[in-house]
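Student: Structure file start.cif (mmCIF, C-alpha atoms and all ligand atoms) is given on the next line.
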```cif
data_work
#
loop_
_atom_site.label_atom_id
_atom_site.label_comp_id
_atom_site.auth_asym_id
_atom_site.auth_seq_id
_atom_site.Cartn_x
_atom_site.Cartn_y
_atom_site.Cartn_z
CA MET A 1 86.67 117.06 181.46
CA ASP A 2 84.15 114.21 181.15
CA GLU A 3 86.52 112.12 183.22
CA TYR A 4 86.53 114.76 185.93
CA LEU A 5 82.73 114.87 186.01
CA GLU A 6 82.67 111.08 186.25
CA PHE A 7 85.18 111.29 189.09
CA LEU A 8 82.87 113.66 190.99
CA LYS A 9 79.94 111.31 190.44
CA SER A 10 81.93 108.25 191.53
CA ARG A 11 82.52 109.42 195.11
CA ARG A 12 80.53 107.40 197.64
CA SER A 13 80.25 107.52 201.40
CA ILE A 14 82.38 104.64 202.68
CA ARG A 15 81.47 103.21 206.07
CA ARG A 16 83.53 100.00 206.19
CA PHE A 17 87.30 100.22 206.23
CA LYS A 18 90.36 97.98 206.16
CA SER A 19 92.38 98.10 209.37
CA GLU A 20 95.58 99.27 207.62
CA PRO A 21 96.05 102.97 208.42
CA PRO A 22 96.61 105.32 205.47
CA PRO A 23 100.10 106.82 205.37
CA ARG A 24 100.60 110.26 206.87
CA GLU A 25 101.69 111.68 203.46
CA LEU A 26 98.32 110.79 201.89
CA ILE A 27 96.42 112.43 204.73
CA LEU A 28 98.55 115.56 204.43
CA ARG A 29 98.10 115.63 200.63
CA ALA A 30 94.32 115.47 201.07
CA ILE A 31 94.34 118.28 203.64
CA ASP A 32 96.73 120.29 201.47
CA THR A 33 94.09 120.08 198.71
CA ALA A 34 91.21 120.96 201.04
CA ARG A 35 92.99 124.30 201.69
CA TYR A 36 92.06 125.30 198.13
CA ALA A 37 88.33 125.33 198.87
CA PRO A 38 86.69 128.74 198.45
CA SER A 39 85.97 130.79 201.58
CA ALA A 40 84.40 134.20 202.18
CA LYS A 41 87.09 136.89 201.80
CA ASN A 42 89.56 134.00 201.53
CA SER A 43 89.29 133.78 205.32
CA GLN A 44 90.19 130.05 205.43
CA PRO A 45 88.68 129.66 208.91
CA TRP A 46 89.26 125.89 208.94
CA ARG A 47 91.49 123.71 211.11
CA PHE A 48 91.90 119.93 210.81
CA ILE A 49 92.39 117.61 213.79
CA ILE A 50 93.63 114.15 212.87
CA VAL A 51 92.40 111.66 215.44
CA ASP A 52 94.16 108.29 215.54
CA ASP A 53 94.07 107.74 219.30
CA PRO A 54 91.76 104.73 219.77
CA ASP A 55 90.13 106.08 222.95
CA LEU A 56 89.38 109.44 221.40
CA LYS A 57 88.11 107.77 218.23
CA SER A 58 85.76 105.57 220.29
CA LYS A 59 84.49 108.65 222.09
CA LEU A 60 83.64 110.22 218.73
CA ALA A 61 82.10 106.95 217.48
CA ASN A 62 79.74 107.05 220.48
CA ILE A 63 78.33 110.55 219.99
CA HIS A 64 75.32 109.13 218.09
CA LEU A 65 74.27 105.94 216.29
CA SER A 66 75.23 107.15 212.81
CA ALA A 67 78.78 107.88 214.02
CA ARG A 68 79.52 104.15 214.16
CA PRO A 69 81.70 104.06 211.01
CA LEU A 70 84.32 105.74 213.20
CA TYR A 71 84.84 102.46 215.12
CA ASP A 72 86.00 100.74 211.97
CA ALA A 73 87.99 103.65 210.51
CA PRO A 74 91.71 103.78 211.35
CA LEU A 75 91.48 107.53 211.71
CA ALA A 76 89.19 110.52 211.73
CA ILE A 77 89.73 114.06 210.54
CA VAL A 78 87.69 116.61 212.46
CA VAL A 79 87.08 119.83 210.55
CA VAL A 80 87.02 122.69 213.04
CA CYS A 81 85.99 126.23 212.17
CA GLN A 82 87.28 129.45 213.76
CA ILE A 83 84.08 131.49 214.11
CA ASP A 84 85.90 134.81 214.56
CA GLU A 85 87.85 134.39 211.30
CA SER A 86 84.66 134.37 209.19
CA PRO A 87 81.74 135.42 211.41
CA THR A 88 79.00 135.41 208.74
CA SER A 89 80.12 132.44 206.66
CA TYR A 90 82.22 130.10 208.80
CA MET A 91 79.79 127.20 208.40
CA LEU A 92 79.74 127.49 204.61
CA ASP A 93 83.51 127.96 204.38
CA CYS A 94 84.16 124.86 206.43
CA ALA A 95 81.54 122.82 204.58
CA ASN A 96 83.40 123.72 201.38
CA ALA A 97 86.69 122.55 202.89
CA THR A 98 85.03 119.34 204.08
CA LEU A 99 83.74 118.58 200.60
CA TYR A 100 87.15 119.29 199.06
CA LEU A 101 88.65 116.97 201.64
CA LEU A 102 86.19 114.17 200.74
CA LEU A 103 86.99 114.57 197.05
CA ALA A 104 90.75 114.69 197.63
CA LEU A 105 90.59 111.51 199.74
CA HIS A 106 88.59 109.87 196.96
CA ALA A 107 91.20 110.93 194.37
CA LEU A 108 93.90 109.36 196.54
CA GLY A 109 92.07 106.01 196.68
CA LEU A 110 90.89 106.44 200.26
CA GLY A 111 87.34 106.00 201.51
CA ALA A 112 85.56 108.47 203.75
CA VAL A 113 82.21 109.40 205.20
CA TRP A 114 81.04 112.70 206.65
CA ILE A 115 79.81 112.14 210.23
CA GLN A 116 77.38 114.68 211.64
CA ALA A 117 78.94 116.72 214.45
CA LEU A 118 76.54 119.64 214.78
CA ARG A 119 74.16 117.93 217.21
CA ASN A 120 77.02 117.06 219.57
CA ILE A 121 79.21 120.14 219.45
CA GLU A 122 79.98 120.34 223.17
CA GLU A 123 80.87 116.64 223.44
CA VAL A 124 83.27 116.88 220.51
CA LYS A 125 84.77 120.15 221.75
CA GLN A 126 85.44 118.66 225.15
CA ALA A 127 86.95 115.45 223.77
CA LEU A 128 89.39 117.35 221.51
CA SER A 129 90.05 120.48 223.65
CA ILE A 130 88.53 122.75 221.01
CA PRO A 131 88.45 126.38 222.25
CA ASN A 132 85.28 128.45 222.70
CA ASN A 133 85.67 130.49 219.52
CA ALA A 134 85.78 127.37 217.34
CA ILE A 135 83.20 124.78 216.33
CA PRO A 136 83.58 121.20 215.05
CA VAL A 137 81.68 121.27 211.77
CA ALA A 138 82.28 117.73 210.54
CA ILE A 139 83.99 114.50 211.48
CA ILE A 140 85.37 112.52 208.56
CA ALA A 141 85.96 108.80 209.04
CA VAL A 142 88.91 107.83 206.82
CA GLY A 143 90.59 104.62 205.70
CA TYR A 144 91.07 102.23 202.81
CA PRO A 145 87.60 101.16 201.59
CA ASP A 146 86.36 97.69 202.49
CA GLU A 147 83.09 97.99 200.56
CA THR A 148 81.92 99.21 197.15
CA PRO A 149 78.48 100.71 197.74
CA GLN A 150 76.00 101.36 194.96
CA PRO A 151 75.28 105.04 194.24
CA ARG A 152 72.52 106.52 196.38
CA PRO A 153 69.55 107.75 194.34
CA ARG A 154 69.51 111.40 193.24
CA LYS A 155 66.46 113.62 192.66
CA PRO A 156 65.79 114.07 188.93
CA LEU A 157 66.89 117.38 187.33
CA SER A 158 63.25 118.08 186.44
CA GLU A 159 62.45 118.29 190.17
CA ILE A 160 65.27 120.64 191.15
CA VAL A 161 66.01 122.98 188.21
CA TYR A 162 63.73 126.01 187.66
CA LEU A 163 63.56 128.80 185.08
CA ASN A 164 63.31 132.40 186.32
CA LYS A 165 60.84 131.59 189.10
CA TYR A 166 60.91 129.06 191.91
CA GLY A 167 58.92 126.03 190.78
CA LYS A 168 58.76 126.91 187.04
CA SER A 169 60.07 123.99 185.07
CA TYR A 170 63.25 124.39 182.99
CA MET A 171 63.08 120.92 181.48
C1 LIG A 201 76.09 117.19 206.74
C2 LIG A 201 76.18 115.68 206.54
C3 LIG A 201 76.05 114.85 207.61
C4 LIG A 201 76.17 113.47 207.46
N1 LIG A 201 76.13 112.66 208.56
C5 LIG A 201 76.34 111.35 208.43
C6 LIG A 201 76.45 110.53 209.60
O1 LIG A 201 76.40 110.99 210.73
N2 LIG A 201 76.68 109.19 209.41
C7 LIG A 201 76.77 108.63 208.17
O2 LIG A 201 76.97 107.41 208.09
N3 LIG A 201 76.68 109.39 207.04
C8 LIG A 201 76.48 110.73 207.15
N4 LIG A 201 76.46 111.53 206.03
C9 LIG A 201 76.63 110.93 204.69
C10 LIG A 201 75.31 110.93 203.91
O3 LIG A 201 74.45 109.97 204.45
C11 LIG A 201 75.63 110.63 202.42
O4 LIG A 201 76.45 111.65 201.90
C12 LIG A 201 74.34 110.55 201.57
O5 LIG A 201 73.55 109.46 201.97
C13 LIG A 201 74.64 110.39 200.08
O6 LIG A 201 75.46 109.25 199.86
P1 LIG A 201 76.87 109.37 199.12
O7 LIG A 201 77.77 110.25 199.98
O8 LIG A 201 77.41 107.95 199.04
O9 LIG A 201 76.64 109.98 197.78
C14 LIG A 201 76.36 112.91 206.17
C15 LIG A 201 76.50 113.78 205.07
C16 LIG A 201 76.44 115.14 205.25
C17 LIG A 201 76.67 116.06 204.07
#
```
Translate the structure of the given file into C-alpha cells.
Tutor:
Amino acid sequence: MDEYLEFLKSRRSIRRFKSEPPPRELILRAIDTARYAPSAKNSQPWRFIIVDDPDLKSKLANIHLSARPLYDAPLAIVVVCQIDESPTSYMLDCANATLYLLLALHALGLGAVWIQALRNIEEVKQALSIPNNAIPVAIIAVGYPDETPQPRPRKPLSEIVYLNKYGKSYM
C-alpha cells in the first residue's frame, strides 16, 4: 500500500520526450485502464483519439504556448467527452479518465503531460473532426521521458484541510 501511495506521488508532468514512439500495445493498455475511472451513473462518456499524424500534432502544438510539449512528443491522446451521455457531469467524468490515463502511462514507464484544451475547443474540434455533441477535454502528450523533473511544490496540509467548517484548522 505504501508503495502504491509512493507511486501516486512519483508521477510528474513530462514535457521532453525521446523520439522513439511507444508501442501500440502500451497505449492500448493505458487506455484500457483509463476505462476504469469512475463516472456518473457509470456513463463512461469518454472517447480517446490517438494522434500520431505529424501535421495534426503540429496543429495541436500550436493552439497555445503551453501546448509546445506536443512538438516533441511522438504522439498525443485527446480525451473527448460525449456531452449527451452525461449531461451534468461529463467534464468531471472525463477529467477522471484523463487522470487514470496519466497514472496508467506512468505505471507503464511512459511520460505524459496534460495540455489544456478548454480554451481552444473549436480549433481542436475542427482539426480532429469532433462532432457537435462532444468536447475535447484534454490533450495528453505521450512518449518515453527524456527528463526527470523535480516534484512541483504542494500546498501544506495545514492550509487545505479543515474540520467541520471551511477555514477551521484540522492540524
Ligand atoms: C487542467 C490542466 C491543464 C494543464 N495544462 C497544461 C498545459 O497546457 N501545458 C503544460 O505544459 N502543462 C499543463 N498542465 C500540467 C500542470 O502544469 C502540472 O500538472 C502541474 O504543474 C503540477 O506538476 P506535476 O504534474 O509534475 O505534478 C495542466 C494540468 C492540468 C490538470
Student: Nearest residue to ligand LIG 201 (chain A) out of A:Thr88, A:Asn42, A:Ser19, A:Asn120, using all atoms listed in the file?
Tutor: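 Of all the options, A:Asn120 lies closest to ligand LIG 201 (chain A).
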Student: Considering all atoms listed in the file, return as a list in words whatever protein or nucleic-acid residues lie within 12 Å of Asp53 in chain A, sequence-local ones (same chain, fewer than 2 positions apart) excluded.
Tutor: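 Here the answer would be Ile49, Ile50, Val51, Asp55, Leu56, Lys57, Ser58, Lys59, Leu60, Leu70, Tyr71, Ala73, Pro74, Leu75, Ala76, Ile77, Ala127 and Leu128 of chain A.
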Student: Keeping only C-alpha atoms, write the selected residues as a PDB file, in the coordinates of the input.
Tutor:
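What ended up in out30.pdb:
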```pdb
ATOM      1  CA  ILE A  49      92.390 117.610 213.790  1.00  0.00           C
ATOM      2  CA  ILE A  50      93.630 114.150 212.870  1.00  0.00           C
ATOM      3  CA  VAL A  51      92.400 111.660 215.440  1.00  0.00           C
ATOM      4  CA  ASP A  55      90.130 106.080 222.950  1.00  0.00           C
ATOM      5  CA  LEU A  56      89.380 109.440 221.400  1.00  0.00           C
ATOM      6  CA  LYS A  57      88.110 107.770 218.230  1.00  0.00           C
ATOM      7  CA  SER A  58      85.760 105.570 220.290  1.00  0.00           C
ATOM      8  CA  LYS A  59      84.490 108.650 222.090  1.00  0.00           C
ATOM      9  CA  LEU A  60      83.640 110.220 218.730  1.00  0.00           C
ATOM     10  CA  LEU A  70      84.320 105.740 213.200  1.00  0.00           C
ATOM     11  CA  TYR A  71      84.840 102.460 215.120  1.00  0.00           C
ATOM     12  CA  ALA A  73      87.990 103.650 210.510  1.00  0.00           C
ATOM     13  CA  PRO A  74      91.710 103.780 211.350  1.00  0.00           C
ATOM     14  CA  LEU A  75      91.480 107.530 211.710  1.00  0.00           C
ATOM     15  CA  ALA A  76      89.190 110.520 211.730  1.00  0.00           C
ATOM     16  CA  ILE A  77      89.730 114.060 210.540  1.00  0.00           C
ATOM     17  CA  ALA A 127      86.950 115.450 223.770  1.00  0.00           C
ATOM     18  CA  LEU A 128      89.390 117.350 221.510  1.00  0.00           C
TER      19      LEU A 128
END
```
Student: Can you write out as a Markdown table which residues of chain A fall within 8 Å of ligand LIG 201 (chain A), alongside each residue's closest atom pair and its distance in Å to one decimal, counting all atoms listed in the file and ordering rows by chain and ascending residue number?
Tutor:
```
| residue | atom | partner | partner_atom | distance |
| --- | --- | --- | --- | --- |
| A:Arg11 | CA | A:LIG201 | O9 | 6.5 |
| A:Arg12 | CA | A:LIG201 | O8 | 3.5 |
| A:Ser13 | CA | A:LIG201 | O8 | 3.7 |
| A:Ile14 | CA | A:LIG201 | O8 | 7.0 |
| A:Arg15 | CA | A:LIG201 | O2 | 6.5 |
| A:His64 | CA | A:LIG201 | O1 | 7.7 |
| A:Leu65 | CA | A:LIG201 | O1 | 7.8 |
| A:Ser66 | CA | A:LIG201 | N2 | 4.2 |
| A:Ala67 | CA | A:LIG201 | O1 | 5.1 |
| A:Arg68 | CA | A:LIG201 | O2 | 7.3 |
| A:Pro69 | CA | A:LIG201 | O2 | 6.5 |
| A:Val113 | CA | A:LIG201 | C9 | 5.8 |
| A:Trp114 | CA | A:LIG201 | C14 | 4.7 |
| A:Ile115 | CA | A:LIG201 | O1 | 3.6 |
| A:Gln116 | CA | A:LIG201 | N1 | 3.9 |
| A:Ala117 | CA | A:LIG201 | O1 | 7.3 |
| A:Ala138 | CA | A:LIG201 | C1 | 7.3 |
| A:Pro149 | CA | A:LIG201 | O8 | 7.4 |
| A:Gln150 | CA | A:LIG201 | O8 | 7.9 |
| A:Pro151 | CA | A:LIG201 | O8 | 6.0 |
| A:Arg152 | CA | A:LIG201 | O6 | 5.3 |
```
Student: Need the shell around range 89-95 of chain A: protein/DNA/RNA residues with any atom at most 12 Å away, counting only C-alpha atoms. Skip same-chain ones fewer than 4 positions apart. Format as a ChimeraX atom specification?
Tutor: /A:34-48,78-85,99-102,114,116-118,133-140
Student: My list of candidates is A:Ile63, A:Met1, A:Leu26, A:Val142. Which is closest to Gln126 in chain A when distances are computed with only C-alpha atoms?
Tutor: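 For Gln126 in chain A, the nearest of the candidates is A:Ile63.
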Student: Calculate how many Å separate CA of Tyr144 in chain A from CA of His106 in chain A, rounding to one decimal.
Tutor: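 That distance, rounded to one decimal, is 9.9 Å.
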Student: Which residue, A:Leu103, A:Ser158, A:Asp72, A:Pro22, has the smallest gap to Leu5 in chain A when you use all atoms listed in the file?
Tutor: A:Leu103
Student: Between A:Gly111, A:Pro23, A:Ile31, A:Lys168, which is the closest to Pro145 in chain A once you count only C-alpha atoms?
Tutor: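 So, comparing all the options, the nearest one is A:Gly111.
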Student: May I ask for the distance between CA of Leu28 in chain A and CA of Glu123 in chain A, given in Å to one decimal place?
Tutor: 26.0 Å
Student: What does the structure give for the distance between CA of Ala61 in chain A and CA of Ile130 in chain A, in Å to one decimal?
Tutor: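 A separation of 17.4 Å between them.
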